[in-house]
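Note: the block below is data-v4.csv and it holds CSV, C-alpha atoms and all ligand atoms.
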chain,number,residue,atom,x,y,z
A,1,PRO,CA,134.4,118.7,71.0
A,2,ALA,CA,131.2,119.2,69.1
A,3,ASP,CA,132.1,119.2,65.4
A,4,ASN,CA,131.7,122.4,63.3
A,5,ASN,CA,128.0,122.1,62.9
A,6,GLY,CA,127.4,121.8,66.7
A,7,THR,CA,126.7,118.1,66.7
A,8,ALA,CA,128.7,115.3,68.4
A,9,PRO,CA,128.2,111.7,67.1
A,10,THR,CA,129.1,108.5,69.1
A,11,PRO,CA,129.1,105.2,67.2
A,12,LEU,CA,127.3,102.4,69.1
A,13,THR,CA,127.9,98.6,69.2
A,14,ASN,CA,124.9,96.3,68.7
A,15,TYR,CA,125.1,93.2,70.8
A,16,LEU,CA,122.4,90.7,69.7
A,17,ASP,CA,119.9,93.5,69.0
A,18,THR,CA,119.3,93.6,72.7
A,19,GLN,CA,122.2,95.8,74.0
A,20,TYR,CA,123.4,99.0,72.3
A,21,PHE,CA,126.4,100.8,73.9
A,22,GLY,CA,129.0,103.4,73.1
A,23,GLU,CA,132.4,104.4,74.5
A,24,ILE,CA,133.0,107.3,76.9
A,25,SER,CA,136.1,108.2,78.9
A,26,ILE,CA,136.3,109.2,82.6
A,27,GLY,CA,139.4,110.7,84.2
A,28,SER,CA,142.8,112.0,83.1
A,29,PRO,CA,144.5,110.1,81.6
A,30,ALA,CA,141.3,108.7,79.9
A,31,GLN,CA,139.8,105.5,81.3
A,32,MET,CA,137.5,104.0,78.7
A,33,PHE,CA,134.0,102.5,79.4
A,34,ASN,CA,131.2,101.0,77.3
A,35,VAL,CA,127.9,102.5,78.5
A,36,VAL,CA,124.2,102.1,77.5
A,37,PHE,CA,122.8,105.6,76.8
A,38,ASP,CA,119.6,105.0,78.7
A,39,THR,CA,116.6,107.4,78.2
A,40,GLY,CA,114.8,105.5,81.0
A,41,SER,CA,117.3,106.7,83.7
A,42,ALA,CA,119.3,109.8,84.5
A,43,ASN,CA,122.5,108.8,86.4
A,44,LEU,CA,125.9,107.8,85.2
A,45,TRP,CA,127.5,104.8,86.9
A,46,VAL,CA,130.4,102.6,86.1
A,47,PRO,CA,132.1,99.7,88.0
A,48,SER,CA,134.6,100.8,90.6
A,49,GLN,CA,138.2,99.6,91.1
A,50,SER,CA,137.2,99.2,94.8
A,51,CYS,CA,134.5,96.7,93.8
A,52,SER,CA,134.2,93.7,96.1
A,53,PRO,CA,136.2,90.8,94.5
A,54,PHE,CA,133.1,88.5,95.1
A,55,SER,CA,131.0,90.7,92.7
A,56,THR,CA,131.5,88.7,89.5
A,57,ALA,CA,129.5,91.2,87.4
A,58,CYS,CA,131.9,93.9,88.6
A,59,PHE,CA,135.0,91.9,87.9
A,60,THR,CA,134.2,91.0,84.3
A,61,HIS,CA,133.9,94.7,83.4
A,62,ASN,CA,136.1,97.8,83.1
A,63,ARG,CA,136.5,99.5,86.4
A,64,TYR,CA,137.2,103.2,87.3
A,65,ASP,CA,140.4,103.8,89.3
A,66,ALA,CA,140.3,107.2,91.0
A,67,SER,CA,143.9,106.8,92.2
A,68,HIS,CA,145.0,106.9,88.5
A,69,SER,CA,143.2,110.1,87.6
A,70,ARG,CA,144.7,113.6,88.3
A,71,THR,CA,141.3,115.2,87.7
A,72,TYR,CA,139.4,113.0,90.3
A,73,VAL,CA,137.5,114.9,93.0
A,74,GLU,CA,136.3,112.9,96.1
A,75,ASN,CA,132.6,113.0,97.0
A,76,GLY,CA,131.8,109.7,98.9
A,77,THR,CA,128.0,110.1,99.1
A,78,GLY,CA,126.3,106.7,99.1
A,79,PHE,CA,124.5,105.7,95.9
A,80,SER,CA,122.1,102.8,95.0
A,81,ILE,CA,119.8,102.0,92.2
A,82,GLN,CA,117.0,99.4,92.4
A,83,TYR,CA,116.2,98.1,89.0
A,84,ALA,CA,113.3,95.8,88.3
A,85,SER,CA,115.8,93.1,87.5
A,86,GLY,CA,118.6,93.9,89.9
A,87,ASN,CA,120.5,96.6,91.8
A,88,VAL,CA,123.7,98.7,91.8
A,89,ARG,CA,125.3,100.1,95.0
A,90,GLY,CA,128.3,102.4,95.4
A,91,PHE,CA,129.4,105.9,96.1
A,92,LEU,CA,129.6,109.2,94.2
A,93,SER,CA,132.8,110.6,92.7
A,94,GLU,CA,133.5,113.5,90.4
A,95,ASP,CA,135.8,113.6,87.4
A,96,VAL,CA,136.0,114.7,83.7
A,97,VAL,CA,133.7,112.6,81.5
A,98,VAL,CA,134.1,112.8,77.7
A,99,VAL,CA,131.0,111.9,75.6
A,100,GLY,CA,131.2,112.3,71.8
A,101,GLY,CA,134.4,114.4,72.3
A,102,ILE,CA,132.7,116.8,74.6
A,103,PRO,CA,134.3,117.0,78.1
A,104,VAL,CA,132.1,117.7,81.2
A,105,VAL,CA,133.0,117.7,84.9
A,106,GLN,CA,130.5,115.2,86.1
A,107,VAL,CA,129.3,113.6,89.4
A,108,PHE,CA,128.8,109.9,88.8
A,109,ALA,CA,128.6,106.7,90.8
A,110,GLU,CA,131.4,104.2,91.3
A,111,ALA,CA,129.6,100.8,91.6
A,112,THR,CA,131.1,98.7,94.3
A,113,SER,CA,128.4,96.0,94.1
A,114,LEU,CA,126.5,94.9,91.0
A,115,SER,CA,123.9,92.2,91.3
A,116,ALA,CA,124.9,89.2,89.3
A,117,MET,CA,121.4,89.3,87.7
A,118,PRO,CA,121.2,90.8,85.2
A,119,PHE,CA,124.7,92.4,85.0
A,120,ILE,CA,126.6,89.2,84.2
A,121,PHE,CA,124.8,89.3,80.9
A,122,ALA,CA,125.8,92.9,80.3
A,123,LYS,CA,128.4,93.4,77.5
A,124,PHE,CA,128.4,97.1,78.6
A,125,ASP,CA,130.3,98.3,81.7
A,126,GLY,CA,127.8,100.9,82.9
A,127,VAL,CA,124.9,103.2,82.2
A,128,LEU,CA,124.8,106.8,81.1
A,129,GLY,CA,121.3,108.0,81.9
A,130,MET,CA,119.9,110.4,79.2
A,131,GLY,CA,116.7,111.1,81.2
A,132,TYR,CA,115.5,114.4,82.6
A,133,PRO,CA,117.0,115.7,85.9
A,134,ASP,CA,113.7,114.9,87.7
A,135,VAL,CA,114.6,111.1,87.3
A,136,ALA,CA,118.1,111.6,88.6
A,137,ILE,CA,118.9,109.8,91.9
A,138,ASP,CA,120.6,112.0,94.6
A,139,GLY,CA,119.5,115.1,92.5
A,140,ILE,CA,122.7,114.8,90.4
A,141,THR,CA,122.7,117.0,87.3
A,142,PRO,CA,122.7,114.5,84.4
A,143,VAL,CA,125.5,114.5,81.7
A,144,PHE,CA,123.3,115.9,78.9
A,145,ASP,CA,122.2,118.8,81.1
A,146,ARG,CA,125.9,119.6,81.8
A,147,ILE,CA,126.6,119.5,78.1
A,148,MET,CA,123.6,121.7,77.2
A,149,SER,CA,124.8,124.4,79.7
A,150,GLN,CA,128.1,124.6,77.8
A,151,HIS,CA,126.1,126.0,74.7
A,152,VAL,CA,128.2,124.0,72.3
A,153,LEU,CA,125.3,122.1,70.7
A,154,LYS,CA,123.4,123.4,67.6
A,155,GLU,CA,120.1,122.2,69.1
A,156,GLU,CA,119.2,121.0,72.6
A,157,VAL,CA,118.3,117.5,71.3
A,158,PHE,CA,119.9,114.1,71.0
A,159,SER,CA,119.1,111.3,68.5
A,160,VAL,CA,119.4,107.6,68.5
A,161,TYR,CA,119.9,105.1,65.6
A,162,TYR,CA,119.8,101.3,66.5
A,163,SER,CA,120.7,99.0,63.6
A,164,ARG,CA,118.5,95.9,63.2
A,165,ASP,CA,121.4,93.7,61.9
A,166,PRO,CA,124.2,92.7,64.4
A,167,LYS,CA,126.5,92.4,61.4
A,168,HIS,CA,125.9,96.1,60.3
A,169,SER,CA,128.6,98.5,61.3
A,170,PRO,CA,128.2,100.7,63.2
A,171,GLY,CA,125.6,98.9,65.3
A,172,GLY,CA,124.0,102.3,65.9
A,173,GLU,CA,124.7,106.0,66.6
A,174,LEU,CA,124.0,108.5,69.2
A,175,VAL,CA,124.1,112.2,68.0
A,176,LEU,CA,124.2,115.0,70.6
A,177,GLY,CA,122.9,118.2,69.2
A,178,GLY,CA,121.0,117.0,66.1
A,179,THR,CA,120.1,114.1,63.9
A,180,ASP,CA,122.0,112.0,61.3
A,181,PRO,CA,120.2,112.0,57.9
A,182,ASN,CA,122.2,108.9,56.9
A,183,TYR,CA,120.0,106.8,59.2
A,184,TYR,CA,116.5,107.9,58.5
A,185,THR,CA,114.2,108.7,55.5
A,186,GLY,CA,111.3,111.1,55.3
A,187,SER,CA,110.3,113.6,57.9
A,188,PHE,CA,109.9,113.4,61.6
A,189,ASN,CA,106.5,112.9,63.3
A,190,TYR,CA,106.7,114.7,66.7
A,191,VAL,CA,104.9,113.7,69.9
A,192,LYS,CA,104.8,115.9,73.0
A,193,THR,CA,106.2,114.2,76.1
A,194,LYS,CA,103.4,113.4,78.6
A,195,ASP,CA,104.4,115.5,81.5
A,196,THR,CA,107.9,117.0,81.2
A,197,GLY,CA,110.3,115.2,83.4
A,198,LYS,CA,110.2,111.8,81.6
A,199,TRP,CA,110.7,110.5,78.1
A,200,GLU,CA,107.2,109.2,77.9
A,201,VAL,CA,104.3,109.9,75.6
A,202,LEU,CA,100.5,109.4,75.5
A,203,MET,CA,100.1,106.4,73.3
A,204,LYS,CA,96.7,106.5,71.4
A,205,GLY,CA,96.3,102.7,71.1
A,206,VAL,CA,97.9,99.3,70.3
A,207,SER,CA,96.6,97.7,67.1
A,208,VAL,CA,97.2,94.5,65.3
A,209,GLY,CA,96.7,95.3,61.7
A,210,THR,CA,93.7,97.6,61.5
A,211,ARG,CA,92.2,96.4,64.8
A,212,THR,CA,92.9,98.5,68.0
A,213,MET,CA,93.2,95.9,70.7
A,214,PHE,CA,94.4,97.8,73.7
A,215,CYS,CA,94.9,101.3,75.1
A,216,ALA,CA,92.0,102.5,73.0
A,217,GLU,CA,91.4,105.3,75.5
A,218,GLY,CA,95.1,106.2,75.6
A,219,CYS,CA,97.9,105.0,77.9
A,220,THR,CA,101.5,105.9,78.8
A,221,ALA,CA,104.4,104.7,76.7
A,222,VAL,CA,108.0,105.2,77.8
A,223,ILE,CA,110.5,105.5,74.9
A,224,ASP,CA,113.3,103.7,76.6
A,225,THR,CA,116.7,103.3,74.8
A,226,GLY,CA,118.0,101.2,77.7
A,227,SER,CA,115.3,98.4,77.4
A,228,SER,CA,115.8,95.6,75.0
A,229,TYR,CA,112.1,94.8,74.2
A,230,ILE,CA,108.6,96.2,74.0
A,231,THR,CA,106.8,95.5,77.3
A,232,GLY,CA,103.2,96.0,78.2
A,233,PRO,CA,100.7,95.0,80.8
A,234,ALA,CA,101.0,91.2,81.0
A,235,SER,CA,97.3,90.6,80.3
A,236,SER,CA,97.4,92.7,77.1
A,237,VAL,CA,100.6,91.2,75.9
A,238,SER,CA,99.3,87.7,76.5
A,239,VAL,CA,96.3,88.5,74.3
A,240,LEU,CA,98.6,90.1,71.7
A,241,MET,CA,100.8,87.0,71.7
A,242,GLU,CA,97.8,84.7,71.3
A,243,THR,CA,96.9,86.8,68.2
A,244,ILE,CA,100.2,86.1,66.6
A,245,GLY,CA,100.3,82.4,67.8
A,246,ALA,CA,103.2,82.8,70.2
A,247,ASP,CA,103.6,80.5,73.2
A,248,LEU,CA,105.1,81.5,76.5
A,249,ASP,CA,107.9,79.6,78.2
A,250,GLU,CA,110.3,80.5,81.0
A,251,SER,CA,112.5,82.6,78.7
A,252,GLY,CA,109.6,84.6,77.2
A,253,TYR,CA,107.4,84.2,74.1
A,254,LYS,CA,108.4,82.2,71.1
A,255,VAL,CA,106.9,81.4,67.7
A,256,ASN,CA,108.1,78.8,65.2
A,257,CYS,CA,110.4,80.5,62.7
A,258,ASP,CA,108.6,79.7,59.4
A,259,THR,CA,105.2,81.2,60.4
A,260,GLN,CA,104.7,84.1,58.1
A,261,TYR,CA,103.6,87.3,59.8
A,262,SER,CA,101.5,89.9,57.9
A,263,LEU,CA,102.8,92.4,60.4
A,264,THR,CA,106.3,93.5,59.9
A,265,HIS,CA,107.6,90.6,61.8
A,266,GLU,CA,111.3,91.6,61.5
A,267,ASP,CA,110.4,94.4,63.9
A,268,TYR,CA,109.6,92.0,66.7
A,269,ILE,CA,110.9,88.6,65.9
A,270,LEU,CA,114.5,88.0,67.0
A,271,TRP,CA,116.0,85.1,65.2
A,272,GLN,CA,118.7,83.4,67.3
A,273,SER,CA,120.7,80.2,66.4
A,274,GLN,CA,121.2,78.2,69.6
A,275,ILE,CA,122.6,74.8,70.4
A,276,GLU,CA,119.2,73.2,70.0
A,277,GLY,CA,118.8,74.9,66.6
A,278,GLU,CA,117.2,78.1,65.5
A,279,VAL,CA,114.9,79.9,68.0
A,280,CYS,CA,112.6,82.8,67.1
A,281,LYS,CA,112.0,85.0,70.1
A,282,VAL,CA,109.2,87.5,70.1
A,283,THR,CA,110.6,90.7,71.5
A,284,PHE,CA,107.5,91.5,73.5
A,285,ARG,CA,107.5,91.0,77.2
A,286,GLY,CA,104.6,91.2,79.7
A,287,LEU,CA,105.6,93.5,82.6
A,288,ASP,CA,103.1,94.9,85.1
A,289,VAL,CA,104.4,98.2,86.5
A,290,PRO,CA,102.3,99.0,89.6
A,291,PRO,CA,100.5,102.4,89.8
A,292,PRO,CA,101.2,105.3,90.1
A,293,THR,CA,104.1,104.8,87.6
A,294,GLY,CA,102.2,102.1,85.7
A,295,PRO,CA,100.3,100.6,84.0
A,296,LEU,CA,102.5,101.5,81.1
A,297,TRP,CA,104.1,100.2,77.9
A,298,ILE,CA,107.8,100.4,77.4
A,299,LEU,CA,109.0,100.8,73.8
A,300,GLY,CA,112.6,99.6,73.8
A,301,ALA,CA,115.4,98.8,71.4
A,302,ASN,CA,113.4,96.9,68.9
A,303,PHE,CA,111.0,99.8,68.5
A,304,ILE,CA,113.8,102.3,68.2
A,305,ALA,CA,115.5,100.1,65.6
A,306,ARG,CA,112.4,100.6,63.5
A,307,TYR,CA,112.0,104.3,64.2
A,308,TYR,CA,114.9,106.7,64.2
A,309,THR,CA,114.2,108.7,67.4
A,310,GLU,CA,115.0,112.4,68.3
A,311,PHE,CA,114.7,113.4,71.9
A,312,ASP,CA,114.0,117.1,72.1
A,313,ARG,CA,114.7,118.8,75.4
A,314,ARG,CA,114.1,122.3,74.0
A,315,HIS,CA,110.5,121.5,73.0
A,316,ASN,CA,109.8,118.5,75.4
A,317,ARG,CA,108.8,116.3,72.5
A,318,ILE,CA,110.0,113.1,70.8
A,319,GLY,CA,110.4,112.8,67.0
A,320,PHE,CA,110.1,109.6,65.1
A,321,ALA,CA,111.2,109.0,61.5
A,322,ALA,CA,111.5,105.7,59.5
A,323,ALA,CA,114.9,104.2,60.2
A,324,VAL,CA,116.9,103.0,57.1
A,401,LIG,C1,113.8,104.1,88.6
A,401,LIG,C2,115.1,104.0,87.9
A,401,LIG,C3,116.1,103.2,88.8
A,401,LIG,C4,115.6,105.3,87.4
A,401,LIG,O1,114.8,103.1,86.8
A,401,LIG,C5,115.7,102.8,85.8
A,401,LIG,O2,116.9,103.1,86.0
A,401,LIG,N1,115.3,102.1,84.8
A,401,LIG,C6,116.1,101.8,83.6
A,401,LIG,C7,115.3,102.0,82.4
A,401,LIG,N2,116.0,101.6,81.2
A,401,LIG,C8,116.5,100.2,81.2
A,401,LIG,C9,117.3,99.9,82.4
A,401,LIG,C10,117.7,98.4,82.5
A,401,LIG,O3,116.8,97.6,82.5
A,401,LIG,N3,119.0,98.1,82.5
A,401,LIG,C11,119.4,96.7,82.6
A,401,LIG,C12,119.7,96.0,81.2
A,401,LIG,C13,118.9,96.4,80.1
A,401,LIG,C14,119.1,95.6,78.9
A,401,LIG,C15,120.1,94.6,78.8
A,401,LIG,C16,120.8,94.3,80.0
A,401,LIG,CL1,122.0,93.0,79.9
A,401,LIG,C17,120.6,95.0,81.2
A,401,LIG,CL2,121.5,94.6,82.6
A,401,LIG,C18,120.1,99.1,82.4
A,401,LIG,C19,121.2,98.8,81.4
A,401,LIG,C20,120.2,99.9,81.2
A,401,LIG,C21,116.5,100.3,83.7

Please go through the file and, once you have read it, give me the structure as C-alpha cells.
Ligand SMILES: CC(C)(C)OC(=O)N[C@@H]1CNC[C@H](C(=O)N(Cc2cccc(Cl)c2Cl)C2CC2)C1
Amino acid sequence: PADNNGTAPTPLTNYLDTQYFGEISIGSPAQMFNVVFDTGSANLWVPSQSCSPFSTACFTHNRYDASHSRTYVENGTGFSIQYASGNVRGFLSEDVVVVGGIPVVQVFAEATSLSAMPFIFAKFDGVLGMGYPDVAIDGITPVFDRIMSQHVLKEEVFSVYYSRDPKHSPGGELVLGGTDPNYYTGSFNYVKTKDTGKWEVLMKGVSVGTRTMFCAEGCTAVIDTGSSYITGPASSVSVLMETIGADLDESGYKVNCDTQYSLTHEDYILWQSQIEGEVCKVTFRGLDVPPPTGPLWILGANFIARYYTEFDRRHNRIGFAAAV
C-alpha cells in the first residue's frame, strides 16, 4: 500500500542505460513481471502463457497464466499495438495488479504474439503505460488513473529517477504520489503540458552551446520514459551530429571516444565496450514522425537521467530538477 506519507516507491533496474524497468505483480497468487513504466503509452501488456511457441520474444520472458490466478476475470476482447519498431497482439483480461504495493483491479492485455524486433532485445517482460487515458488503446482506464481514484496518494503525480551509471543501485526509482529528494537537487522548473492528453511540452528551441540551431519558433517535445534516446527530425539531428563531429552508420551515430565535448557529453555519449573494443554511441537518433503527430522531438531515458522528472496529473504539467 502507499506508505504513511501517501507515496509508493518502486526501485528500477537500469539495463545499459537504455532500458529501465521495475517489478509489478498480476494475479493471486502473485505472478511477477518486469515492466517499463512508459509515459509514451497508456496500456498495460505482458506476455501470455497462451503465447504461440514460435514467438521467441514471448518465450524468453515471464508469461501470465490466467489458469493459476483465482482473481482472474475473463474479457477476451482483441488487442494490438503497432509500435514504430514492431507490434504486439493479444487479448484483454482482468486481474489484480500490484504497483508499488498498491493493488488495483485492472484490464490489461495478454500478448500472444510479440514481434521479434525489437522485443528479443527487451530485458523487460512488458509495458505499463503511464500516459493519459486519451492515449489508451480500446479506451481502457490506465493503471495510474485506477490508483488515483482510490485516493491513497498524497498528490496526483508520479516521478521518475533514471541513474546514469549501470553499476549504481538502484538503477532508478518510480515514485507514485510524490518525489524522492534523495535523487534531485534544487527546485523544480515546471512546464505546462501542450494540450492535456499527452506528456508533451512546447519546446522553445534546441541549442548547441549558446546557439539556437533548431525549433527556434517552438516545437513539440514528448517526455517519454519508455524511449531510450533523444530523437528529433532526421534533418535537424544530422546537422546537430555534424556539429559534434559524429558519423552515422547502420547502428546510429558514433564519435571517437577521446574527443572532448564542451557540452556535457556524459548526457548523450553512451560508452560501450564491445568485441571490437570501446564504442561511443551518441544517444541521439533521427526519427521523422509524420504529421499530424509530428514533427516532434522525443526526450527519452538519457534526458530523464539528467533531469529528475515529475509528471503532474493534477496540474497537467511536468517538473524538471537536476538529478543527482
Ligand atoms: C501510439 C502508441 C502505440 C501508443 O505508441 C506507443 O506505445 N509508443 C511507445 C512510446 N514509448 C516507447 C515505446 C517503445 O518504443 N518501446 C519499445 C522499446 C523501447 C526501448 C527499448 C526496447 Cl528493447 C524496446 Cl522493445 C516500448 C518498451 C516501451 C513506444

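Comparing the minimum interatomic distances between Cys257 (chain A) and each of A:Lys281, A:Met117, A:Tyr15, A:Ser238, counting only C-alpha atoms, we find that A:Lys281 sits nearest.
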
Residues within 9 Å of ligand LIG 401 (chain A), counting only C-alpha atoms and all ligand atoms: report them as a ChimeraX atom specification.
/A:18-20,35-43,80-87,117-124,126-129,131,135-137,224-229,300-301

Find the residues around Ala57 (chain A) up to 7 Å (all atoms listed in the file counted), leave out those fewer than 2 positions away in its own chain, and share them as an MDAnalysis selection string.
chainID A and resid 55 59:61 114:116 119:120

Find, counting all atoms listed in the file, the residue in A:Gln106, A:Ser67, A:Thr7, A:Ser50 that gets nearest to Phe91 (chain A).
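Checking each candidate against Phe91 (chain A), we get A:Ser50 as the closest.
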
Nearest to Met203 (chain A), chosen from A:Thr112, A:Ala246, A:Ile298, A:Asp180, with all atoms listed in the file counted in the distances:
A:Ile298

Among listed residues A:Asn62, A:Ser113, A:Ser159, A:Ser25, nearest Phe320 (chain A) (using all atoms listed in the file)
A:Ser159

Enumerate, as a list in words, the protein, DNA and RNA residues whose atoms approach (121.6, 124.1, 71.1) to within 9 Å, taking into account all atoms listed in the file and the coordinate frame of the file.
Gly6, Met148, His151, Val152, Leu153, Lys154, Glu155, Glu156, Val157, Gly177, Gly178 and Arg314 of chain A

Residues just named, written with C-alpha atoms as a CSV table (one decimal), in the frame of the given file:
chain,number,residue,atom,x,y,z
A,6,GLY,CA,127.4,121.8,66.7
A,148,MET,CA,123.6,121.7,77.2
A,151,HIS,CA,126.1,126.0,74.7
A,152,VAL,CA,128.2,124.0,72.3
A,153,LEU,CA,125.3,122.1,70.7
A,154,LYS,CA,123.4,123.4,67.6
A,155,GLU,CA,120.1,122.2,69.1
A,156,GLU,CA,119.2,121.0,72.6
A,157,VAL,CA,118.3,117.5,71.3
A,177,GLY,CA,122.9,118.2,69.2
A,178,GLY,CA,121.0,117.0,66.1
A,314,ARG,CA,114.1,122.3,74.0

Phe158 (chain A) proximity check over A:Arg70, A:Ser207, A:Gln274, A:Gly100, using all atoms listed in the file: winner is A:Gly100

In Å, rounded to a single decimal, give me how far CA of Val88 (chain A) is from CA of Gly171 (chain A).
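Calculated distance between CA of Gly171 (chain A) and CA of Val88 (chain A) is 26.6 Å.
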
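One finds CA of Arg63 (chain A) at 4.8 Å from CA of Ser48 (chain A).
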
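Considering only C-alpha atoms, the residue among A:Asn256, A:Thr309, A:Ser69, A:Ser93 positioned nearest to Trp45 (chain A) is A:Ser93.
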
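Note that CA of Pro103 (chain A) and CA of Tyr132 (chain A) are 19.5 Å apart.
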
Could you give me, as a PyMOL selection string, the residues within 7 Å of Tyr64 (chain A), counting all atoms listed in the file and dropping anything in the same chain fewer than 3 positions from it?
chain A and resi 31+46-49

For Asn302 (chain A), list every protein, DNA or RNA residue within 12 Å, evaluated using all atoms listed in the file, and leave out those in the same chain fewer than 4 positions away; present the list as an MDAnalysis selection string.
chainID A and resid 14 16:20 161:165 223:231 264:270 282:285 298 306:309 323

Extending 6 Å beyond the listed atoms of region 245-256 of chain A on each side, what axis-aligned box results? I want centre and edge lengths in Å to one decimal, as AutoDock Vina command-line options.
--center_x 106.4 --center_y 81.7 --center_z 73.1 --size_x 24.2 --size_y 17.8 --size_z 27.8

Would you list the residues near (128.0, 112.0, 65.6), meaning any protein, DNA or RNA residue with an atom at most 8 Å from that point in file coordinates, counting all atoms listed in the file, as a list in words?
Thr7, Ala8, Pro9, Thr10, Pro11, Gly100, Glu173, Leu174, Val175, Leu176 and Asp180 of chain A

Write only N, CA and C atoms for region 57-72 of chain A from the block just shown, as a short mmCIF file (atom, residue, chain, number, x, y, z; two decimals), in the first residue's frame.
data_model
loop_
_atom_site.label_atom_id
_atom_site.label_comp_id
_atom_site.auth_asym_id
_atom_site.auth_seq_id
_atom_site.Cartn_x
_atom_site.Cartn_y
_atom_site.Cartn_z
N ALA A 57 10.30 -14.00 -28.79
CA ALA A 57 10.31 -12.89 -27.84
C ALA A 57 9.39 -13.20 -26.67
N CYS A 58 8.31 -13.93 -26.98
CA CYS A 58 7.36 -14.26 -25.92
C CYS A 58 7.96 -15.31 -25.00
N PHE A 59 8.64 -16.27 -25.61
CA PHE A 59 9.09 -17.43 -24.86
C PHE A 59 10.24 -17.12 -23.92
N THR A 60 10.98 -16.06 -24.21
CA THR A 60 12.15 -15.76 -23.37
C THR A 60 11.77 -14.79 -22.25
N HIS A 61 10.47 -14.57 -22.04
CA HIS A 61 10.04 -13.65 -20.98
C HIS A 61 9.01 -14.33 -20.07
N ASN A 62 8.80 -13.71 -18.90
CA ASN A 62 7.78 -14.21 -17.97
C ASN A 62 6.41 -14.09 -18.65
N ARG A 63 5.55 -15.11 -18.42
CA ARG A 63 4.24 -15.09 -19.08
C ARG A 63 3.14 -15.24 -18.03
N TYR A 64 2.03 -14.51 -18.25
CA TYR A 64 0.89 -14.53 -17.32
C TYR A 64 0.05 -15.76 -17.59
N ASP A 65 -0.27 -16.49 -16.51
CA ASP A 65 -1.08 -17.70 -16.65
C ASP A 65 -2.39 -17.52 -15.90
N ALA A 66 -3.45 -17.20 -16.64
CA ALA A 66 -4.76 -16.92 -16.04
C ALA A 66 -5.27 -18.11 -15.22
N SER A 67 -4.94 -19.33 -15.69
CA SER A 67 -5.49 -20.52 -15.01
C SER A 67 -4.90 -20.67 -13.61
N HIS A 68 -3.82 -19.93 -13.30
CA HIS A 68 -3.22 -20.04 -11.97
C HIS A 68 -3.61 -18.88 -11.06
N SER A 69 -4.59 -18.06 -11.51
CA SER A 69 -4.95 -16.91 -10.67
C SER A 69 -6.43 -17.00 -10.27
N ARG A 70 -6.66 -16.94 -8.97
CA ARG A 70 -8.06 -17.05 -8.51
C ARG A 70 -8.80 -15.73 -8.64
N THR A 71 -8.09 -14.65 -8.97
CA THR A 71 -8.78 -13.36 -9.13
C THR A 71 -8.93 -12.98 -10.61
N TYR A 72 -8.55 -13.90 -11.53
CA TYR A 72 -8.67 -13.65 -12.97
C TYR A 72 -10.13 -13.52 -13.37
#
